[in-house]
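Working notes for the structure below.
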Amino acid sequence: MKTFIDTGFVDTPAPRALGIEEIPGVVEQYRAGALNAIAAGFDGVEIHGANGYLVEQFLRDGVNRRADAYGGTVENRCRFLLEVTDAVCAAVGAQRTAVRLSPFSVTWDCSDSDPKPLYSHAVAQLATRDLAFLEVVEAINEAGDISSGGASNAFNITHILAAYNGRLVINGGYDAVRAEAVLARPGIDAVSFARPFICNPDLAERFARGAPLTPMADPAVIYGGGEAGYIDFARMAG
Ligand SMILES: Cc1cc2nc3c(=O)[nH]c(=O)nc-3n(C[C@H](O)[C@H](O)[C@H](O)COP(=O)(O)O)c2cc1C
């Protein structure tokens with residue numbers, strides 16, 4: 001596994017489990033980060049609980065091997081997510097706090113043996129927090145390509161909708177037409193876009209006008225640490 005820093009790609013250190021005494025300090029870092037973001041002028045913060053990052057490493061039993069209050073049962077594995085969420089909500093307000101989850105996909109081998117009860121519990125608990133919104137990534141693999149992910153008839157957005165009654169944003173592989181169609185579904189409040197925005201900074205205006213989009217960047221050139229694929233796209237008239 002590699003990560004990109006100012007000197008280029010370097011090997012990542014081997015991960016280790018946090019000591020239980022370290023966890024309050026990490027929760028505090030989320031709280032402080034949220035306060036800093038608001039102080040810097042952001043409208044709100046989104047807690048990253050998706051795509052193999054730290055919160056998801058607590059959630060999923062393919063990675064979380066803990067034998068303490070943060071491992072084992074679904075309730076225990078959701079504890080860190082909920083502690084972080086509660087700390088951030090207390091600091092900046094629930095109406096400025098969102099959470100991002102990716103229940104249906106596996107990133108960096110961060111898998112779970114039975115995601116449906118895990119995420120049903122997580123989103124039911126989040127629903128009691130009256131967040132600004134919950135964002136659910138429907139399908140993405142680590143190459144940035146939309147695939148079937150882990151979504152199946154056995155576990156899909158319908159199950160999230162059944163367990164979550166707050167504001168819901170969904171993401172992953174949408175265009176304007178599919179987004180309009182999915183917004184007709186009760187319980188889905190908005191669709192978020194990532195890749196189309198990279199080469200269409202005026203995406204919302206283009207959607208509103210029905211204007212053509214600059215094609216998305218070649219996935220082979222993004223994630224490389226340089227500008228290629230981000231700011232070198234051909235500009236289209238109007
Ligand atoms: C260059 C690039 C970087 C991304 N980095 C992250 C990331 O750090 N965390 C994350 O949750 N998703 C990340 N994503 C995924 C997007 O947030 C989004 O979920 C995904 O691209 C699917 O949405 P889209 O089809 O609208 O692009 C990244 C996507 C791209 C293209």
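In the structure tokens, each chain is lettered A, B, ... as it comes, each chain's residues begin at 1, and ligands are numbered from 1 in order of appearance.
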(message) Can you pull out the residues contacting Pro196 (chain A)? Cut-off 12 Å, using only C-alpha atoms, and skip same-chain residues under 5 positions away; I want them as a list in words.
(response) Asn171, Gly172, Gly173, Tyr174, Asp175, Ala176, Pro201, Asp202, Leu203, Ala204, Arg206, Phe207, Pro212, Leu213, Thr214, Pro215, Met216, Ala217, Asp218, Gly229, Tyr230 and Phe233 of chain A
With a cut-off of 10 Å, could you pull out the residues of chain A touching ligand 1 and give me the nearest pair of atoms for each, distance in Å to one decimal, using only C-alpha atoms and all ligand atoms, ordered by chain and ascending number, as a tab-separated table?
residue	atom	partner	partner_atom_place_in_ligand_line	distance
A:Ile47	CA	ligand 1	11 (O)	9.8
A:His48	CA	ligand 1	11 (O)	6.6
A:Gly49	CA	ligand 1	11 (O)	8.0
A:Ala50	CA	ligand 1	11 (O)	5.6
A:Asn51	CA	ligand 1	11 (O)	5.5
A:Gly52	CA	ligand 1	11 (O)	8.5
A:Tyr53	CA	ligand 1	9 (N)	8.1
A:Arg100	CA	ligand 1	11 (O)	7.3
A:Leu101	CA	ligand 1	11 (O)	8.1
A:Ser102	CA	ligand 1	11 (O)	8.0
A:Thr107	CA	ligand 1	11 (O)	10.0
A:Glu135	CA	ligand 1	19 (O)	9.6
A:Val136	CA	ligand 1	19 (O)	8.7
A:Val137	CA	ligand 1	19 (O)	5.7
A:Glu138	CA	ligand 1	19 (O)	8.2
A:Ala139	CA	ligand 1	22 (C)	7.2
A:Ile140	CA	ligand 1	22 (C)	5.8
A:Asn141	CA	ligand 1	20 (C)	8.6
A:Glu142	CA	ligand 1	15 (C)	8.5
A:Ala143	CA	ligand 1	31 (C)	8.6
A:Gly144	CA	ligand 1	31 (C)	5.7
A:Asp145	CA	ligand 1	21 (O)	7.6
A:Ile146	CA	ligand 1	25 (O)	6.7
A:Ile170	CA	ligand 1	23 (O)	9.1
A:Asn171	CA	ligand 1	23 (O)	5.3
A:Gly172	CA	ligand 1	23 (O)	3.7
A:Gly173	CA	ligand 1	25 (O)	3.4
A:Tyr174	CA	ligand 1	25 (O)	5.7
A:Asp175	CA	ligand 1	26 (O)	7.9
A:Val191	CA	ligand 1	26 (O)	8.6
A:Ser192	CA	ligand 1	26 (O)	6.3
A:Phe193	CA	ligand 1	26 (O)	3.5
A:Ala194	CA	ligand 1	27 (O)	3.8
A:Arg195	CA	ligand 1	27 (O)	3.6
A:Pro196	CA	ligand 1	27 (O)	6.2
A:Phe197	CA	ligand 1	26 (O)	7.8
A:Ile198	CA	ligand 1	31 (C)	7.7
A:Met216	CA	ligand 1	27 (O)	9.1
A:Ala217	CA	ligand 1	31 (C)	8.6
A:Asp218	CA	ligand 1	31 (C)	9.9
A:Pro219	CA	ligand 1	31 (C)	7.6
A:Val221	CA	ligand 1	1 (C)	9.4
A:Ile222	CA	ligand 1	1 (C)	5.7
A:Tyr223	CA	ligand 1	1 (C)	5.5
A:Gly224	CA	ligand 1	1 (C)	9.0
A:Gly225	CA	ligand 1	1 (C)	9.8
A:Gly229	CA	ligand 1	1 (C)	8.8
A:Tyr230	CA	ligand 1	1 (C)	8.2
(message) Give me, as a ChimeraX atom specification, the residues of region 8-73 of chain A that a backbone DSSP run labels helix (DSSP H, G or I).
(response) /A:20-39,54-59
Set the distance at 12 Å and use only C-alpha atoms: which residues neighbour Asn76 (chain A) once local chain neighbours fewer than 6 positions away are removed? I'd like the list as a JSON list (two decimals) with N, CA and C atoms, in the first residue's frame.
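As a result, out.json now contains:
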[["chain", "number", "residue", "atom", "x", "y", "z"],
["A", 58, "PHE", "N", -13.12, 0.72, 12.37],
["A", 58, "PHE", "CA", -13.79, 0.29, 13.60],
["A", 58, "PHE", "C", -15.07, -0.48, 13.26],
["A", 59, "LEU", "N", -15.80, -0.01, 12.24],
["A", 59, "LEU", "CA", -17.12, -0.60, 11.95],
["A", 59, "LEU", "C", -17.03, -2.05, 11.52],
["A", 60, "ARG", "N", -16.01, -2.40, 10.74],
["A", 60, "ARG", "CA", -16.06, -3.65, 9.99],
["A", 60, "ARG", "C", -15.22, -4.77, 10.62],
["A", 61, "ASP", "N", -15.84, -5.94, 10.73],
["A", 61, "ASP", "CA", -15.17, -7.03, 11.45],
["A", 61, "ASP", "C", -14.05, -7.69, 10.67],
["A", 64, "ASN", "N", -11.55, -4.90, 12.21],
["A", 64, "ASN", "CA", -11.62, -4.67, 13.66],
["A", 64, "ASN", "C", -11.53, -6.01, 14.39],
["A", 65, "ARG", "N", -10.40, -6.26, 15.02],
["A", 65, "ARG", "CA", -10.19, -7.51, 15.77],
["A", 65, "ARG", "C", -10.20, -7.26, 17.27],
["A", 66, "ARG", "N", -10.74, -6.14, 17.69],
["A", 66, "ARG", "CA", -10.65, -5.74, 19.09],
["A", 66, "ARG", "C", -11.49, -6.66, 19.97],
["A", 67, "ALA", "N", -11.01, -6.82, 21.22],
["A", 67, "ALA", "CA", -11.75, -7.63, 22.19],
["A", 67, "ALA", "C", -12.31, -6.75, 23.30],
["A", 68, "ASP", "N", -12.25, -5.41, 23.11],
["A", 68, "ASP", "CA", -12.72, -4.50, 24.16],
["A", 68, "ASP", "C", -14.08, -3.91, 23.77],
["A", 69, "ALA", "N", -14.45, -2.81, 24.36],
["A", 69, "ALA", "CA", -15.78, -2.22, 24.15],
["A", 69, "ALA", "C", -15.95, -1.66, 22.74],
["A", 70, "TYR", "N", -14.89, -1.65, 21.93],
["A", 70, "TYR", "CA", -14.96, -1.12, 20.57],
["A", 70, "TYR", "C", -14.90, -2.22, 19.51],
["A", 82, "LEU", "N", -20.15, 6.66, 16.73],
["A", 82, "LEU", "CA", -21.16, 7.43, 17.47],
["A", 82, "LEU", "C", -20.49, 8.39, 18.46],
["A", 83, "GLU", "N", -19.36, 7.97, 19.05],
["A", 83, "GLU", "CA", -18.64, 8.89, 19.93],
["A", 83, "GLU", "C", -18.11, 10.10, 19.15],
["A", 118, "LEU", "N", -25.03, -4.51, 10.62],
["A", 118, "LEU", "CA", -24.09, -3.47, 11.05],
["A", 118, "LEU", "C", -24.60, -2.09, 10.65],
["A", 121, "HIS", "N", -27.96, -0.90, 12.19],
["A", 121, "HIS", "CA", -27.79, -0.34, 13.54],
["A", 121, "HIS", "C", -27.15, 1.05, 13.45],
["A", 122, "ALA", "N", -26.09, 1.16, 12.64],
["A", 122, "ALA", "CA", -25.38, 2.45, 12.57],
["A", 122, "ALA", "C", -26.33, 3.56, 12.14]]
(message) Among region 64-203 of chain A, which residues does DSSP mark as strand (DSSP E) when it is run on the backbone? Keep the chain and numbering as in the structure and answer as number ranges by chain.
(response) A: 97-101, 133-137, 168-171, 190-192
Output of the above residues as a compact mmCIF listing (two decimals), in the first residue's frame, restricted to all heavy atoms:
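Saved result, selection-v4.txt, follows:
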# COMPACT_ATOMS: atom_id res chain seq x y z
N THR A 97 -23.49 19.10 11.15
CA THR A 97 -22.72 17.85 11.15
C THR A 97 -23.38 16.84 10.21
O THR A 97 -24.58 16.60 10.28
CB THR A 97 -22.68 17.25 12.57
OG1 THR A 97 -22.12 18.22 13.47
CG2 THR A 97 -21.83 15.98 12.60
N ALA A 98 -22.55 16.26 9.33
CA ALA A 98 -23.02 15.19 8.45
C ALA A 98 -22.11 13.98 8.63
O ALA A 98 -21.01 14.09 9.19
CB ALA A 98 -23.02 15.65 7.00
N VAL A 99 -22.56 12.84 8.15
CA VAL A 99 -21.76 11.61 8.21
C VAL A 99 -21.80 10.95 6.85
O VAL A 99 -22.84 10.94 6.18
CB VAL A 99 -22.32 10.64 9.28
CG1 VAL A 99 -21.63 9.27 9.20
CG2 VAL A 99 -22.14 11.21 10.69
N ARG A 100 -20.65 10.44 6.41
CA ARG A 100 -20.56 9.71 5.12
C ARG A 100 -20.28 8.24 5.40
O ARG A 100 -19.33 7.92 6.12
CB ARG A 100 -19.45 10.32 4.27
CG ARG A 100 -19.12 9.54 3.03
CD ARG A 100 -18.15 10.29 2.13
NE ARG A 100 -18.80 10.56 0.87
CZ ARG A 100 -18.25 10.28 -0.34
NH1 ARG A 100 -17.05 9.75 -0.43
NH2 ARG A 100 -18.90 10.54 -1.44
N LEU A 101 -21.08 7.36 4.82
CA LEU A 101 -20.89 5.91 4.95
C LEU A 101 -20.90 5.28 3.56
O LEU A 101 -21.55 5.79 2.64
CB LEU A 101 -22.01 5.28 5.79
CG LEU A 101 -22.15 5.74 7.24
CD1 LEU A 101 -23.40 5.11 7.88
CD2 LEU A 101 -20.91 5.40 8.07
N PHE A 133 -27.24 15.86 7.47
CA PHE A 133 -27.59 14.80 6.53
C PHE A 133 -26.68 13.60 6.73
O PHE A 133 -25.61 13.72 7.33
CB PHE A 133 -27.51 15.27 5.06
CG PHE A 133 -26.17 15.77 4.61
CD1 PHE A 133 -25.19 14.90 4.15
CD2 PHE A 133 -25.88 17.13 4.63
CE1 PHE A 133 -23.96 15.36 3.72
CE2 PHE A 133 -24.63 17.61 4.21
CZ PHE A 133 -23.68 16.71 3.75
N LEU A 134 -27.14 12.47 6.24
CA LEU A 134 -26.31 11.28 6.10
C LEU A 134 -26.06 11.11 4.61
O LEU A 134 -26.99 11.18 3.81
CB LEU A 134 -27.06 10.05 6.64
CG LEU A 134 -26.43 8.68 6.34
CD1 LEU A 134 -25.11 8.50 7.08
CD2 LEU A 134 -27.40 7.56 6.73
N GLU A 135 -24.78 10.92 4.23
CA GLU A 135 -24.46 10.66 2.82
C GLU A 135 -24.08 9.19 2.67
O GLU A 135 -23.18 8.70 3.37
CB GLU A 135 -23.31 11.55 2.35
CG GLU A 135 -23.02 11.33 0.85
CD GLU A 135 -21.78 12.05 0.35
OE1 GLU A 135 -20.97 12.50 1.17
OE2 GLU A 135 -21.62 12.14 -0.87
N VAL A 136 -24.73 8.50 1.76
CA VAL A 136 -24.45 7.09 1.53
C VAL A 136 -23.87 6.93 0.12
O VAL A 136 -24.50 7.30 -0.87
CB VAL A 136 -25.73 6.24 1.69
CG1 VAL A 136 -25.49 4.81 1.21
CG2 VAL A 136 -26.16 6.24 3.15
N VAL A 137 -22.64 6.40 0.08
CA VAL A 137 -22.02 6.06 -1.20
C VAL A 137 -22.60 4.72 -1.62
O VAL A 137 -22.47 3.73 -0.91
CB VAL A 137 -20.48 5.95 -1.06
CG1 VAL A 137 -19.85 5.65 -2.41
CG2 VAL A 137 -19.89 7.21 -0.45
N LEU A 168 -31.24 12.40 3.70
CA LEU A 168 -30.34 11.43 3.09
C LEU A 168 -29.85 11.92 1.74
O LEU A 168 -30.63 12.32 0.87
CB LEU A 168 -31.09 10.10 2.90
CG LEU A 168 -30.25 8.92 2.41
CD1 LEU A 168 -29.20 8.52 3.43
CD2 LEU A 168 -31.15 7.74 2.08
N VAL A 169 -28.52 11.90 1.58
CA VAL A 169 -27.86 12.24 0.32
C VAL A 169 -27.25 10.95 -0.21
O VAL A 169 -26.64 10.21 0.55
CB VAL A 169 -26.74 13.29 0.54
CG1 VAL A 169 -26.04 13.62 -0.76
CG2 VAL A 169 -27.31 14.55 1.19
N ILE A 170 -27.41 10.67 -1.49
CA ILE A 170 -26.76 9.49 -2.03
C ILE A 170 -25.75 9.89 -3.09
O ILE A 170 -25.83 10.97 -3.69
CB ILE A 170 -27.75 8.43 -2.55
CG1 ILE A 170 -28.65 9.01 -3.62
CG2 ILE A 170 -28.57 7.85 -1.42
CD1 ILE A 170 -29.48 7.94 -4.29
N ASN A 171 -24.79 9.00 -3.34
CA ASN A 171 -23.64 9.33 -4.19
C ASN A 171 -23.18 8.08 -4.93
O ASN A 171 -23.27 6.98 -4.41
CB ASN A 171 -22.49 9.85 -3.31
CG ASN A 171 -21.17 9.90 -4.06
OD1 ASN A 171 -20.34 9.01 -3.93
ND2 ASN A 171 -20.98 10.93 -4.86
N ALA A 190 -31.21 14.29 -1.70
CA ALA A 190 -30.26 14.92 -2.62
C ALA A 190 -29.31 13.87 -3.17
O ALA A 190 -29.17 12.78 -2.61
CB ALA A 190 -29.47 16.03 -1.91
N VAL A 191 -28.64 14.23 -4.28
CA VAL A 191 -27.60 13.39 -4.87
C VAL A 191 -26.33 14.23 -4.90
O VAL A 191 -26.37 15.41 -5.27
CB VAL A 191 -27.99 12.96 -6.31
CG1 VAL A 191 -26.85 12.18 -6.96
CG2 VAL A 191 -29.28 12.14 -6.29
N SER A 192 -25.21 13.64 -4.50
CA SER A 192 -23.93 14.37 -4.58
C SER A 192 -23.11 13.83 -5.74
O SER A 192 -23.25 12.67 -6.14
CB SER A 192 -23.16 14.27 -3.27
OG SER A 192 -22.80 12.93 -2.99
(message) If I take CA of Val74 (chain A) and CA of Tyr119 (chain A), how far is one from the other in Å, to one decimal?
(response) 8.7 Å
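In this comparison, which uses only C-alpha atoms, the residue of A:Ser111, A:Asn165, A:Thr73, A:Thr158 approaching Val182 (chain A) most closely is A:Thr158.
Relative to CA of Arg167 (chain A), CA of Asp189 (chain A) is found at 6.1 Å.
Rounded to one decimal, CA of Ala94 (chain A) and CA of Arg129 (chain A) lie 6.8 Å from each other.
Of the residues listed (A:Ile20, A:Ala181, A:Ala37, A:Cys89), A:Cys89 shows the shortest atom-to-atom separation from Asp130 (chain A); distances use only C-alpha atoms.
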